[in-house]
Amino acid sequence: MSEISTLVRKYVDRYNSGDVEGMLALCHDDVVFETVASLGGEMRIDGKDDMRDILIATTRAFRGRSHKIISLISEADRAAAETMFSGVATAELAHDVREGDTVSIRGVTVFERRDDKFVRISDYS
């Protein structure tokens with residue numbers, strides 16, 4: 001397994017266990033974190049401090065969260081992971097998601113690393 005593939009798997013494992021600080025430990029201070037959703041939402045965050053806030057909010061927004069890697073393609077310092085997210089909403093969210101609804105989202109996350117830490121994480125769903 002490539003070094004970046006191992007790093008991606010660590011990140012997903014820490015995500016699934018709710019270890020926000022562990023996820024951030026795998027990122028450079030100036031990491032770019034972005035999401036692009038097919039329903040028109042787009043967000044870009046620069047830096048670990050703002051990324052922390054989003055990760056904490058996501059942790060609280062769903063219980064029973066699970067991110068599973070379906071496939072993982074890597075080359076040098078880049079990787080793309082096809083994933084399936086599922087969780088139960090803990091509050092009313094956008095796009096008609098109500099508290100208690102089960103949400104399943106299939107997507108792809110692109111990772112880039114420099115010096116054994118992520119410099120970019122981009123989610124597409």
# chains A, B, ... in the order shown; residues from 1 in each chain; ligands from 1
call {"tool": "residues_around", "arguments": {"residues": "range 108-110 of chain A", "least_positions_apart": "5", "cutoff": "8 Å", "atoms": "only C-alpha atoms", "output": "list in words"}}
result
Arg78, Ala79, Ala80, Ala81, Glu82, Thr83, Arg120, Ile121, Ser122, Asp123, Tyr124 and Ser125 of chain A
call {"tool": "write_last_selection", "arguments": {"atoms": "C-alpha atoms", "output": "JSON list (two decimals), in the first residue's frame"}}
result
[["chain", "number", "residue", "atom", "x", "y", "z"],
["A", 78, "ARG", "CA", -2.38, 12.27, -4.60],
["A", 79, "ALA", "CA", -5.24, 9.88, -3.94],
["A", 80, "ALA", "CA", -8.92, 9.61, -4.78],
["A", 81, "ALA", "CA", -11.22, 7.63, -2.52],
["A", 82, "GLU", "CA", -14.69, 6.61, -3.61],
["A", 83, "THR", "CA", -16.71, 6.60, -0.38],
["A", 120, "ARG", "CA", -5.76, 19.52, 0.29],
["A", 121, "ILE", "CA", -8.89, 17.51, 0.99],
["A", 122, "SER", "CA", -11.74, 17.97, -1.50],
["A", 123, "ASP", "CA", -15.08, 16.17, -1.14],
["A", 124, "TYR", "CA", -17.37, 15.74, -4.15],
["A", 125, "SER", "CA", -20.86, 14.36, -3.59]]
call {"tool": "closest_residue", "arguments": {"among": "A:Leu26, A:Val103, A:Ile4, A:Ile69", "to": "Lys48 in chain A", "atoms": "only C-alpha atoms"}}
result
A:Leu26
call {"tool": "select_by_dssp", "arguments": {"residues": "chain A", "states": "alpha helix (DSSP H)", "output": "ChimeraX atom specification"}}
result
/A:3-16,20-25,48-61
call {"tool": "write_last_selection", "arguments": {"atoms": "C-alpha atoms", "output": "mmCIF file, in the first residue's frame"}}
result
data_model
loop_
_atom_site.group_PDB
_atom_site.id
_atom_site.type_symbol
_atom_site.label_atom_id
_atom_site.label_comp_id
_atom_site.auth_asym_id
_atom_site.auth_seq_id
_atom_site.Cartn_x
_atom_site.Cartn_y
_atom_site.Cartn_z
ATOM 1 C CA GLU A 3 2.164 6.027 1.795
ATOM 2 C CA ILE A 4 -0.708 8.294 0.809
ATOM 3 C CA SER A 5 -3.146 5.353 0.821
ATOM 4 C CA THR A 6 -2.097 4.566 4.387
ATOM 5 C CA LEU A 7 -2.580 8.235 5.323
ATOM 6 C CA VAL A 8 -6.062 8.280 3.749
ATOM 7 C CA ARG A 9 -7.089 5.152 5.670
ATOM 8 C CA LYS A 10 -5.836 6.695 8.939
ATOM 9 C CA TYR A 11 -7.868 9.835 8.216
ATOM 10 C CA VAL A 12 -11.063 7.851 7.529
ATOM 11 C CA ASP A 13 -10.538 5.669 10.629
ATOM 12 C CA ARG A 14 -10.151 8.795 12.768
ATOM 13 C CA TYR A 15 -13.213 10.326 11.118
ATOM 14 C CA ASN A 16 -15.276 7.255 11.967
ATOM 15 C CA VAL A 20 -11.211 15.450 15.192
ATOM 16 C CA GLU A 21 -7.782 16.292 16.637
ATOM 17 C CA GLY A 22 -6.393 13.052 15.191
ATOM 18 C CA MET A 23 -7.712 14.012 11.753
ATOM 19 C CA LEU A 24 -6.180 17.469 12.042
ATOM 20 C CA ALA A 25 -2.834 15.978 13.093
ATOM 21 C CA LYS A 48 -6.723 23.813 10.328
ATOM 22 C CA ASP A 49 -8.492 26.155 12.757
ATOM 23 C CA ASP A 50 -11.500 26.690 10.480
ATOM 24 C CA MET A 51 -11.415 23.041 9.422
ATOM 25 C CA ARG A 52 -11.667 22.053 13.099
ATOM 26 C CA ASP A 53 -14.921 24.003 13.453
ATOM 27 C CA ILE A 54 -16.471 22.235 10.439
ATOM 28 C CA LEU A 55 -15.344 18.794 11.582
ATOM 29 C CA ILE A 56 -16.799 19.356 15.062
ATOM 30 C CA ALA A 57 -20.089 20.565 13.567
ATOM 31 C CA THR A 58 -20.264 17.499 11.306
ATOM 32 C CA THR A 59 -19.540 15.222 14.244
ATOM 33 C CA ARG A 60 -22.487 16.725 16.104
ATOM 34 C CA ALA A 61 -24.834 16.752 13.094
#
call {"tool": "residues_around", "arguments": {"residues": "Asp46 in chain A", "least_positions_apart": "2", "cutoff": "7 Å", "atoms": "only C-alpha atoms", "output": "list in words"}}
result
Asp30, Val31, Val32, Phe33, Arg44 and Asp50 of chain A
call {"tool": "select_by_dssp", "arguments": {"residues": "chain A", "states": "strand (DSSP E or B)", "output": "PyMOL selection string"}}
result
chain A and resi 27-36+42-46+62-75+78-89+93+97+102-114+117-124
call {"tool": "atom_distance", "arguments": {"atom1": "CA of Ser2 in chain A", "atom2": "CA of Gly18 in chain A"}}
result
24.6 Å
call {"tool": "atom_distance", "arguments": {"atom1": "CA of Thr90 in chain A", "atom2": "CA of Ser17 in chain A"}}
result
17.0 Å
call {"tool": "closest_residue", "arguments": {"among": "A:Phe62, A:Met43, A:Gly107, A:Cys27", "to": "Glu92 in chain A", "atoms": "only C-alpha atoms"}}
result
A:Phe62
call {"tool": "residues_around", "arguments": {"residues": "Arg65 in chain A", "least_positions_apart": "2", "cutoff": "6 Å", "atoms": "only C-alpha atoms", "output": "MDAnalysis selection string"}}
result
chainID A and resid 62:63 86:87
call {"tool": "write_last_selection", "arguments": {"atoms": "N, CA and C atoms", "output": "PDB file, in the first residue's frame"}}
result
ATOM      1  N   PHE A  62     -24.517  14.327  13.039  1.00  0.00           N
ATOM      2  CA  PHE A  62     -24.922  12.944  12.749  1.00  0.00           C
ATOM      3  C   PHE A  62     -24.482  12.015  13.868  1.00  0.00           C
ATOM      4  N   ARG A  63     -25.347  11.069  14.201  1.00  0.00           N
ATOM      5  CA  ARG A  63     -24.941   9.993  15.106  1.00  0.00           C
ATOM      6  C   ARG A  63     -24.820   8.723  14.261  1.00  0.00           C
ATOM      7  N   SER A  86     -22.752   7.406   5.712  1.00  0.00           N
ATOM      8  CA  SER A  86     -24.104   7.223   6.241  1.00  0.00           C
ATOM      9  C   SER A  86     -24.127   7.682   7.691  1.00  0.00           C
ATOM     10  N   GLY A  87     -25.282   8.171   8.110  1.00  0.00           N
ATOM     11  CA  GLY A  87     -25.468   8.625   9.475  1.00  0.00           C
ATOM     12  C   GLY A  87     -26.909   9.032   9.692  1.00  0.00           C
TER      13      GLY A  87
END
call {"tool": "atom_distance", "arguments": {"atom1": "CA of Gly64 in chain A", "atom2": "CA of Asp29 in chain A"}}
result
28.8 Å
call {"tool": "residues_around", "arguments": {"residues": "Asp77 in chain A", "least_positions_apart": "2", "cutoff": "8 Å", "atoms": "only C-alpha atoms", "output": "list in words"}}
result
Ile4, Ser74, Glu75, Ala79, Glu112, Arg113 and Arg114 of chain A
call {"tool": "write_last_selection", "arguments": {"atoms": "N, CA and C atoms", "output": "mmCIF file, in the first residue's frame"}}
result
data_model
loop_
_atom_site.group_PDB
_atom_site.id
_atom_site.type_symbol
_atom_site.label_atom_id
_atom_site.label_comp_id
_atom_site.auth_asym_id
_atom_site.auth_seq_id
_atom_site.Cartn_x
_atom_site.Cartn_y
_atom_site.Cartn_z
ATOM 1 N N ILE A 4 0.487 7.449 0.755
ATOM 2 C CA ILE A 4 -0.708 8.294 0.809
ATOM 3 C C ILE A 4 -1.953 7.452 1.063
ATOM 4 N N SER A 74 -4.342 5.695 -5.909
ATOM 5 C CA SER A 74 -3.305 6.633 -5.476
ATOM 6 C C SER A 74 -2.139 6.641 -6.451
ATOM 7 N N GLU A 75 -1.463 7.794 -6.464
ATOM 8 C CA GLU A 75 -0.276 7.956 -7.287
ATOM 9 C C GLU A 75 0.570 9.050 -6.652
ATOM 10 N N ALA A 79 -4.365 11.058 -4.011
ATOM 11 C CA ALA A 79 -5.235 9.880 -3.939
ATOM 12 C C ALA A 79 -6.677 10.317 -4.124
ATOM 13 N N GLU A 112 -4.411 15.429 -1.339
ATOM 14 C CA GLU A 112 -3.047 15.746 -1.767
ATOM 15 C C GLU A 112 -2.204 15.906 -0.520
ATOM 16 N N ARG A 113 -0.965 15.430 -0.584
ATOM 17 C CA ARG A 113 -0.091 15.537 0.579
ATOM 18 C C ARG A 113 1.242 16.178 0.205
ATOM 19 N N ARG A 114 1.849 16.736 1.231
ATOM 20 C CA ARG A 114 3.198 17.287 1.143
ATOM 21 C C ARG A 114 3.857 17.002 2.483
#
